[in-house]
>>> print(open('input_34.tsv').read())   # TSV, C-alpha atoms
chain	number	residue	atom	x	y	z
A	305	MET	CA	53.60	22.89	-48.13
A	306	ASN	CA	54.79	25.87	-46.08
A	307	PRO	CA	54.86	24.92	-42.37
A	308	LEU	CA	53.62	28.40	-41.39
A	309	TYR	CA	50.77	30.49	-42.74
A	310	ALA	CA	48.04	32.73	-41.35
A	311	VAL	CA	44.51	33.40	-42.61
A	312	LEU	CA	42.41	36.43	-41.67
A	313	TYR	CA	38.64	35.94	-41.91
A	314	TYR	CA	36.28	38.93	-41.96
A	315	GLY	CA	32.77	39.30	-43.33
A	316	ASP	CA	32.56	37.05	-46.41
A	317	SER	CA	36.27	37.48	-47.15
A	318	GLN	CA	39.49	35.75	-46.21
A	319	ILE	CA	43.09	36.67	-46.96
A	320	ARG	CA	46.17	34.51	-46.54
A	321	PHE	CA	49.65	35.43	-45.32
A	322	GLU	CA	52.20	32.84	-46.39
A	323	GLY	CA	55.32	32.07	-44.41
A	324	ALA	CA	58.57	33.67	-45.55
A	325	GLY	CA	59.78	32.39	-48.90
A	326	THR	CA	56.35	32.00	-50.51
A	327	VAL	CA	53.91	34.69	-51.62
A	328	SER	CA	50.18	33.97	-51.30
A	329	GLN	CA	47.73	34.63	-54.10
A	330	ASP	CA	46.73	37.68	-52.05
A	331	GLY	CA	50.25	39.09	-52.37
A	332	LEU	CA	51.03	38.80	-48.64
A	333	ILE	CA	53.76	37.13	-46.59
A	334	VAL	CA	54.62	36.90	-42.91
A	335	ASN	CA	58.03	38.58	-42.87
A	336	ASP	CA	61.10	37.67	-40.81
A	337	SER	CA	59.74	39.48	-37.71
A	338	GLY	CA	57.04	36.81	-37.50
A	339	ILE	CA	53.86	36.86	-35.41
A	340	GLU	CA	54.09	38.40	-31.94
A	341	GLY	CA	51.89	37.47	-29.00
A	342	TRP	CA	50.82	34.08	-30.36
A	343	TRP	CA	52.61	31.51	-28.23
A	344	GLY	CA	53.06	33.52	-25.04
A	345	ALA	CA	50.35	34.06	-22.43
A	346	PRO	CA	48.68	37.49	-22.21
A	347	ASP	CA	49.28	39.83	-19.29
A	348	LEU	CA	48.32	38.48	-15.88
A	349	LYS	CA	45.38	39.83	-13.88
A	350	VAL	CA	46.33	38.65	-10.40
A	351	ASP	CA	46.00	40.63	-7.17
A	352	VAL	CA	48.62	39.66	-4.61
A	353	THR	CA	48.13	40.78	-1.00
A	354	GLU	CA	51.41	41.27	0.82
A	355	ARG	CA	51.76	39.64	4.22
A	356	ALA	CA	51.58	42.13	7.06
A	357	SER	CA	54.24	40.15	8.91
A	358	GLY	CA	56.44	37.68	7.13
A	359	ASN	CA	58.04	37.50	3.73
A	360	GLY	CA	56.20	37.80	0.46
A	361	GLY	CA	52.49	37.74	-0.20
A	362	HIS	CA	49.59	35.42	0.51
A	363	ASP	CA	49.22	32.34	-1.69
A	364	VAL	CA	47.10	32.66	-4.84
A	365	SER	CA	44.65	29.88	-5.70
A	366	SER	CA	44.51	28.51	-9.23
A	367	ASP	CA	41.03	29.96	-9.89
A	368	ALA	CA	42.42	33.45	-9.13
A	369	ILE	CA	45.13	33.24	-11.80
A	370	LEU	CA	43.49	35.19	-14.62
A	371	TYR	CA	44.69	36.71	-17.87
A	372	ALA	CA	43.98	39.94	-19.72
A	373	SER	CA	42.87	40.17	-23.34
A	374	ARG	CA	45.36	38.95	-25.95
A	375	THR	CA	47.05	41.17	-28.53
A	376	VAL	CA	48.58	39.54	-31.61
A	377	THR	CA	50.73	41.37	-34.15
A	378	VAL	CA	51.35	39.94	-37.61
A	379	ASN	CA	54.41	41.50	-39.24
A	380	PHE	CA	53.83	41.22	-42.96
A	381	THR	CA	54.92	42.45	-46.36
A	382	ALA	CA	52.68	43.15	-49.36
A	383	ILE	CA	54.41	42.14	-52.60
A	384	GLY	CA	53.58	42.67	-56.25
A	385	ASP	CA	55.21	42.86	-59.69
A	386	VAL	CA	53.89	46.40	-60.05
A	387	ARG	CA	52.75	49.03	-57.54
A	388	SER	CA	49.04	48.49	-58.29
A	389	GLU	CA	49.33	44.85	-57.16
A	390	VAL	CA	51.00	45.96	-53.93
A	391	LEU	CA	48.20	48.44	-53.27
A	392	ASP	CA	45.59	45.76	-53.98
A	393	ALA	CA	47.17	43.63	-51.24
A	394	VAL	CA	47.17	46.63	-48.89
A	395	ARG	CA	43.47	47.20	-49.55
A	396	ARG	CA	42.68	43.57	-48.79
A	397	VAL	CA	44.21	43.93	-45.34
A	398	SER	CA	42.48	47.28	-44.72
A	399	GLY	CA	39.14	45.70	-45.65
A	400	ALA	CA	39.02	44.16	-42.15
A	401	ASN	CA	38.77	47.57	-40.48
A	402	GLY	CA	35.64	47.92	-38.34
A	403	LEU	CA	34.69	44.25	-38.57
A	404	PRO	CA	34.98	41.30	-36.18
A	405	VAL	CA	37.70	38.95	-37.40
A	406	ARG	CA	39.21	35.54	-36.85
A	407	LEU	CA	42.96	35.06	-37.22
A	408	ARG	CA	43.97	31.47	-37.88
A	409	VAL	CA	47.64	30.49	-37.64
A	410	VAL	CA	48.86	27.13	-38.89
A	411	ASP	CA	52.35	26.30	-37.63
A	412	ASP	CA	53.30	22.75	-38.55
A	413	ARG	CA	50.81	20.55	-36.64
A	414	SER	CA	49.39	23.44	-34.57
A	415	ASP	CA	46.19	24.90	-36.06
A	416	THR	CA	44.49	27.45	-33.79
A	417	PHE	CA	42.68	30.78	-34.04
A	418	VAL	CA	41.75	33.88	-32.08
A	419	SER	CA	38.82	36.29	-32.46
A	420	GLY	CA	38.82	40.05	-32.16
A	421	TYR	CA	39.22	43.27	-34.15
A	422	VAL	CA	42.13	44.74	-36.07
A	423	ARG	CA	44.31	47.77	-36.62
A	424	PRO	CA	46.46	47.55	-39.76
A	425	GLN	CA	49.46	49.90	-40.08
A	426	PHE	CA	51.85	50.42	-42.97
A	427	GLY	CA	55.42	51.66	-43.24
A	428	SER	CA	56.20	55.05	-44.72
A	429	ALA	CA	58.98	53.88	-47.07
A	430	TRP	CA	57.91	53.72	-50.72
A	431	ASN	CA	58.87	50.85	-52.99
A	432	GLU	CA	57.27	49.86	-56.26
A	433	ARG	CA	57.10	46.18	-55.34
A	434	PHE	CA	57.04	46.03	-51.54
A	435	GLN	CA	55.07	47.53	-48.67
A	436	SER	CA	55.79	46.59	-45.06
A	437	GLY	CA	53.03	46.54	-42.48
A	438	THR	CA	51.75	45.26	-39.16
A	439	LEU	CA	48.34	43.83	-38.42
A	440	THR	CA	47.41	44.18	-34.76
A	441	VAL	CA	44.56	41.93	-33.61
A	442	VAL	CA	43.03	42.75	-30.21
A	443	CYS	CA	41.28	39.68	-28.77
A	444	PRO	CA	38.91	40.25	-25.82
A	445	ARG	CA	39.07	36.50	-25.21
A	446	PRO	CA	42.67	35.54	-24.32
A	447	GLU	CA	42.45	31.88	-25.35
A	448	ARG	CA	43.52	30.34	-28.62
A	449	LEU	CA	41.01	27.76	-29.88
A	450	SER	CA	41.65	24.75	-32.08
A	451	TRP	CA	40.40	25.19	-35.63
A	452	ALA	CA	39.12	21.62	-35.57
A	453	VAL	CA	35.88	21.39	-33.63
A	454	SER	CA	34.57	18.44	-31.61
A	455	GLN	CA	30.84	18.08	-32.27
A	456	LEU	CA	28.64	15.41	-30.70
A	457	GLN	CA	24.90	14.84	-30.47
A	458	LEU	CA	22.67	13.62	-27.66
A	459	PHE	CA	19.19	12.21	-28.22
A	460	PRO	CA	16.42	11.81	-25.63
A	461	VAL	CA	15.86	8.31	-24.29
A	462	SER	CA	12.10	8.75	-24.63
A	463	VAL	CA	9.68	10.61	-26.87
A	464	MET	CA	7.45	11.37	-23.90
A	465	ARG	CA	7.58	10.87	-20.18
A	466	GLY	CA	7.46	7.14	-19.51
A	467	GLY	CA	8.33	6.19	-23.10
A	468	LEU	CA	11.11	3.78	-23.97
A	469	SER	CA	12.18	4.61	-27.53
A	470	TYR	CA	15.08	6.80	-28.60
A	471	GLY	CA	14.07	10.21	-29.88
A	472	GLY	CA	13.00	10.85	-33.43
A	473	GLY	CA	15.79	13.28	-34.34
A	474	THR	CA	15.08	13.03	-38.07
A	475	GLY	CA	16.36	15.28	-40.77
A	476	LEU	CA	20.10	15.29	-39.92
A	477	ARG	CA	22.00	16.40	-43.01
A	478	TYR	CA	25.62	16.34	-41.90
A	479	GLY	CA	28.00	13.81	-40.43
A	480	LEU	CA	28.23	13.72	-36.65
A	481	SER	CA	29.68	11.52	-33.96
A	482	TYR	CA	27.27	10.07	-31.43
A	483	GLY	CA	29.27	10.14	-28.23
A	484	THR	CA	31.60	7.19	-27.79
A	485	ALA	CA	29.29	4.29	-28.59
A	486	GLY	CA	28.84	4.99	-32.32
A	487	ALA	CA	25.04	4.91	-32.09
A	488	ALA	CA	22.34	7.42	-31.18
A	489	SER	CA	22.57	7.93	-27.43
A	490	ASN	CA	21.65	10.33	-24.66
A	491	VAL	CA	25.31	10.27	-23.47
A	492	ALA	CA	28.34	11.94	-25.08
A	493	LEU	CA	31.94	12.42	-23.97
A	494	LEU	CA	33.57	15.81	-24.69
A	495	THR	CA	37.34	16.19	-24.36
A	496	ASN	CA	39.73	19.13	-24.20
A	497	GLN	CA	43.34	18.43	-25.16
A	498	GLY	CA	44.39	22.04	-24.64
A	499	SER	CA	46.17	23.81	-21.78
A	500	SER	CA	43.26	25.92	-20.52
A	501	PRO	CA	39.63	25.23	-19.56
A	502	ALA	CA	37.24	24.82	-22.50
A	503	PHE	CA	33.66	26.09	-22.52
A	504	PRO	CA	31.23	23.94	-24.56
A	505	VAL	CA	28.22	25.36	-26.39
A	506	LEU	CA	25.03	23.28	-26.33
A	507	THR	CA	22.43	23.87	-29.06
A	508	VAL	CA	19.03	22.38	-28.30
A	509	THR	CA	16.85	21.60	-31.32
A	510	GLY	CA	13.25	20.91	-30.37
A	511	PRO	CA	10.64	19.92	-29.83
A	512	PHE	CA	11.19	19.56	-26.10
A	513	PRO	CA	7.78	20.60	-24.74
A	514	ASP	CA	8.81	20.35	-21.08
A	515	GLY	CA	12.20	22.01	-21.43
A	516	VAL	CA	15.62	20.39	-21.35
A	517	LEU	CA	17.91	19.04	-18.63
A	518	VAL	CA	21.57	18.11	-19.29
A	519	GLN	CA	23.66	16.53	-16.55
A	520	TRP	CA	27.36	15.74	-16.51
A	521	SER	CA	30.11	14.20	-14.45
A	522	GLY	CA	29.70	14.85	-10.74
A	523	GLY	CA	25.93	15.35	-10.87
A	524	ASP	CA	25.93	19.03	-11.89
A	525	ALA	CA	23.35	20.14	-14.42
A	526	VAL	CA	21.98	22.95	-16.53
A	527	GLU	CA	18.19	23.01	-16.92
A	528	TYR	CA	15.92	25.18	-19.06
A	529	ALA	CA	12.30	25.16	-17.91
A	530	GLY	CA	10.64	26.62	-21.02
A	531	ALA	CA	9.46	24.73	-24.09
A	532	VAL	CA	11.91	24.44	-26.98
A	533	GLY	CA	10.27	24.33	-30.39
A	534	ALA	CA	11.24	25.40	-33.90
A	535	VAL	CA	13.73	28.02	-32.71
A	536	PRO	CA	16.88	26.37	-31.28
A	537	LEU	CA	18.05	27.16	-27.75
A	538	VAL	CA	21.74	27.96	-27.32
A	539	LEU	CA	23.35	27.31	-23.92
A	540	ASP	CA	26.77	28.98	-23.74
A	541	SER	CA	29.05	27.77	-20.95
A	542	ARG	CA	31.44	30.72	-21.20
A	543	SER	CA	28.80	33.45	-20.85
A	544	GLN	CA	26.52	31.16	-18.80
A	545	THR	CA	23.50	32.33	-20.78
A	546	ALA	CA	20.54	30.86	-22.63
A	547	VAL	CA	19.67	32.47	-25.97
A	548	MET	CA	16.78	31.72	-28.30
A	549	GLY	CA	16.41	33.52	-31.61
A	550	GLY	CA	18.98	36.10	-30.54
A	551	VAL	CA	17.02	36.93	-27.35
A	552	ASP	CA	18.43	36.24	-23.89
A	553	VAL	CA	16.08	33.81	-22.13
A	554	SER	CA	18.34	33.01	-19.18
A	555	ARG	CA	15.46	33.81	-16.80
A	556	ASN	CA	14.06	30.37	-17.66
A	557	LEU	CA	17.15	28.57	-16.36
A	558	THR	CA	16.33	26.69	-13.16
A	559	ARG	CA	19.80	25.13	-12.87
A	560	ARG	CA	22.82	27.17	-13.93
A	561	SER	CA	25.85	24.93	-13.44
A	562	PHE	CA	27.25	25.01	-16.98
A	563	PRO	CA	29.82	22.38	-18.03
A	564	VAL	CA	33.49	23.38	-18.16
A	565	ILE	CA	36.19	20.99	-19.41
A	566	GLN	CA	39.51	21.39	-17.64
A	567	ALA	CA	42.83	21.28	-19.51
A	568	SER	CA	43.60	17.76	-20.76
A	569	GLY	CA	40.27	16.67	-19.28
A	570	SER	CA	36.86	15.40	-20.32
A	571	VAL	CA	33.20	15.72	-19.38
A	572	SER	CA	30.46	13.14	-19.92
A	573	LEU	CA	27.14	14.80	-20.83
A	574	ARG	CA	23.77	13.11	-20.36
A	575	LEU	CA	20.47	14.34	-21.82
A	576	MET	CA	17.69	13.61	-19.32
A	577	SER	CA	14.65	15.21	-21.00
A	578	ALA	CA	11.85	13.67	-23.05
A	579	GLY	CA	11.15	14.95	-26.55
A	580	THR	CA	11.74	14.35	-30.24
A	581	GLY	CA	14.64	16.75	-30.74
A	582	TRP	CA	18.35	16.56	-29.97
A	583	VAL	CA	21.21	18.48	-28.37
A	584	THR	CA	24.37	19.31	-30.30
A	585	ALA	CA	27.42	19.80	-28.07
A	586	VAL	CA	30.36	21.71	-29.57
A	587	CYS	CA	33.81	22.11	-28.00
A	588	ARG	CA	37.30	23.15	-29.13
A	589	ASP	CA	40.67	22.41	-27.55
A	590	THR	CA	41.59	25.60	-25.70
A	591	TYR	CA	45.01	27.12	-25.04
A	592	ILE	CA	46.46	30.11	-23.13
>>> encode(input="input_34.tsv", output="structure tokens")
Amino acid sequence: MNPLYAVLYYGDSQIRFEGAGTVSQDGLIVNDSGIEGWWGAPDLKVDVTERASGNGGHDVSSDAILYASRTVTVNFTAIGDVRSEVLDAVRRVSGANGLPVRLRVVDDRSDTFVSGYVRPQFGSAWNERFQSGTLTVVCPRPERLSWAVSQLQLFPVSVMRGGLSYGGGTGLRYGLSYGTAGAASNVALLTNQGSSPAFPVLTVTGPFPDGVLVQWSGGDAVEYAGAVGAVPLVLDSRSQTAVMGGVDVSRNLTRRSFPVIQASGSVSLRLMSAGTGWVTAVCRDTYI
């Protein structure tokens, strides 16, 4: 197995760039110039105020150390036994133009991805069996996210106010982990083994007739005051928004302290609302 390969996902398609020495079934390899902008941090966005008297500038707090969008460049070669196969590989790469993409890079035990949009470029030299190129991926979000996702579920401790039974979250059709106890619970522990803060996404599946309240370590909470029925409610920690059926319903948030998991940290979530639905919490290890 090649220790390095990259996969570009766009629309319903995916194309694979093998590491040097092996050609993918898509006729593409990462050439000797490799992948630029993957391991390093993006440009800094930090304003430093110089001291009016004294050396240097004023200290910068950790929450003021910010990064610009990430740009990744895949240096690749399209290869074929005949020119038509080379051009087929070129067309596969160009098919990502104008579409949102995910670029996944597997490098030994590291398996992470970025999201953005692309600009493919190709060399001017003509060869029947080779075509050099670069694939530039501009990523508005600077973080790399783990391909593996941590997904946990929380169930209400009561069907209705004053009840004592665990919620009736029936109809689950896929394997999930229930927090740390191995049984249906209103508590779940999310972890982030990356080097940058992670932003969980909470999907609330109703019914929760009186809304939903999720607390976490330290007593902070996010609370949605509207009823949640057949259409799931999505609470996004990064954008700090509530969305239902593609419509922003953040106006119904009465508490807006969304959970954030610090690098190499964890957060314990607790579902405090009555109902017969459940909350799915999704998080990925996050890196700068």
>>> closest_residue(input="input_34.tsv", among="A:Ala452, A:Cys443, A:Val461, A:Ile333", to="Met576 in chain A", atoms="all atoms listed in the file")
A:Val461
>>> closest_residue(input="input_34.tsv", among="A:Ser357, A:Thr558, A:Thr590, A:Thr438", to="Ser454 in chain A", atoms="only C-alpha atoms")
A:Thr590
>>> residues_around(input="input_34.tsv", residues="Gly427 in chain A", least_positions_apart="6", cutoff="12 Å", atoms="all atoms listed in the file", output="list in words")
Asn379, Phe380, Thr381, Ala382, Val394, Phe434, Gln435, Ser436, Gly437, Thr438 and Leu439 of chain A
>>> atom_distance(input="input_34.tsv", atom1="CA of Ala502 in chain A", atom2="CA of Ile565 in chain A")
5.0 Å
>>> residues_around(input="input_34.tsv", residues="Ala534 in chain A", least_positions_apart="4", cutoff="8 Å", atoms="all atoms listed in the file", output="NGL selection string")
:A and (509-511)
>>> atom_distance(input="input_34.tsv", atom1="CA of Leu506 in chain A", atom2="CA of Ala368 in chain A")
26.5 Å
>>> atom_distance(input="input_34.tsv", atom1="CA of Phe562 in chain A", atom2="CA of Gln544 in chain A")
6.5 Å
>>> residues_around(input="input_34.tsv", residues="Ala567 in chain A", least_positions_apart="6", cutoff="12 Å", atoms="only C-alpha atoms", output="PyMOL selection string")
chain A and resi 494-503+588-592
>>> residues_around(input="input_34.tsv", residues="range 344-349 of chain A", least_positions_apart="6", cutoff="12 Å", atoms="all atoms listed in the file", output="ChimeraX atom specification")
/A:364,367-376,442-448,499-500,591-592
>>> closest_residue(input="input_34.tsv", among="A:Pro513, A:Asp351, A:Ser337, A:Val410", to="Glu322 in chain A", atoms="only C-alpha atoms")
A:Val410
>>> closest_residue(input="input_34.tsv", among="A:Ser317, A:Thr326, A:Ser450, A:Asn490", to="Ser398 in chain A", atoms="only C-alpha atoms")
A:Ser317
>>> closest_residue(input="input_34.tsv", among="A:Trp451, A:Gly338, A:Val397, A:Arg560", to="Asp524 in chain A", atoms="all atoms listed in the file")
A:Arg560
>>> closest_residue(input="input_34.tsv", among="A:Leu557, A:Val518, A:Leu403, A:Ile319", to="Gly331 in chain A", atoms="all atoms listed in the file")
A:Ile319
>>> residues_around(input="input_34.tsv", residues="Val553 in chain A", least_positions_apart="4", cutoff="12 Å", atoms="only C-alpha atoms", output="list in words")
Tyr528, Ala529, Gly530, Ala531, Val532, Pro536, Leu537, Val538, Leu539, Asp540, Gln544, Thr545, Ala546, Val547, Met548, Gly549, Leu557 and Thr558 of chain A
>>> build_atoms(input="input_34.tsv", residues="range 378-397 of chain A", atoms="N, CA and C atoms", output="CSV table (one decimal), in the coordinates of the input")
chain,number,residue,atom,x,y,z
A,378,VAL,N,50.8,40.6,-36.4
A,378,VAL,CA,51.4,39.9,-37.6
A,378,VAL,C,52.2,40.9,-38.4
A,379,ASN,N,53.5,40.7,-38.5
A,379,ASN,CA,54.4,41.5,-39.2
A,379,ASN,C,54.4,40.9,-40.7
A,380,PHE,N,54.0,41.7,-41.6
A,380,PHE,CA,53.8,41.2,-43.0
A,380,PHE,C,54.4,42.2,-44.0
A,381,THR,N,54.5,41.7,-45.2
A,381,THR,CA,54.9,42.4,-46.4
A,381,THR,C,54.0,42.2,-47.5
A,382,ALA,N,53.5,43.3,-48.1
A,382,ALA,CA,52.7,43.2,-49.4
A,382,ALA,C,53.6,43.2,-50.6
A,383,ILE,N,53.5,42.3,-51.5
A,383,ILE,CA,54.4,42.1,-52.6
A,383,ILE,C,53.6,42.1,-53.9
A,384,GLY,N,54.2,42.7,-54.9
A,384,GLY,CA,53.6,42.7,-56.2
A,384,GLY,C,54.6,43.0,-57.3
A,385,ASP,N,54.3,42.6,-58.6
A,385,ASP,CA,55.2,42.9,-59.7
A,385,ASP,C,55.2,44.3,-60.1
A,386,VAL,N,54.0,45.0,-59.8
A,386,VAL,CA,53.9,46.4,-60.0
A,386,VAL,C,53.2,47.0,-58.8
A,387,ARG,N,53.3,48.3,-58.7
A,387,ARG,CA,52.8,49.0,-57.5
A,387,ARG,C,51.3,48.8,-57.4
A,388,SER,N,50.5,48.7,-58.4
A,388,SER,CA,49.0,48.5,-58.3
A,388,SER,C,48.7,47.2,-57.6
A,389,GLU,N,49.5,46.1,-57.8
A,389,GLU,CA,49.3,44.8,-57.2
A,389,GLU,C,49.7,45.0,-55.7
A,390,VAL,N,50.7,45.7,-55.3
A,390,VAL,CA,51.0,46.0,-53.9
A,390,VAL,C,49.8,46.7,-53.2
A,391,LEU,N,49.3,47.7,-53.9
A,391,LEU,CA,48.2,48.4,-53.3
A,391,LEU,C,46.9,47.6,-53.2
A,392,ASP,N,46.7,46.7,-54.1
A,392,ASP,CA,45.6,45.8,-54.0
A,392,ASP,C,45.7,44.9,-52.7
A,393,ALA,N,46.9,44.4,-52.4
A,393,ALA,CA,47.2,43.6,-51.2
A,393,ALA,C,46.9,44.5,-50.0
A,394,VAL,N,47.4,45.7,-50.0
A,394,VAL,CA,47.2,46.6,-48.9
A,394,VAL,C,45.7,46.8,-48.6
A,395,ARG,N,44.9,47.0,-49.7
A,395,ARG,CA,43.5,47.2,-49.6
A,395,ARG,C,42.8,46.0,-49.0
A,396,ARG,N,43.3,44.8,-49.3
A,396,ARG,CA,42.7,43.6,-48.8
A,396,ARG,C,42.8,43.5,-47.3
A,397,VAL,N,44.0,43.9,-46.8
A,397,VAL,CA,44.2,43.9,-45.3
A,397,VAL,C,43.3,45.0,-44.7
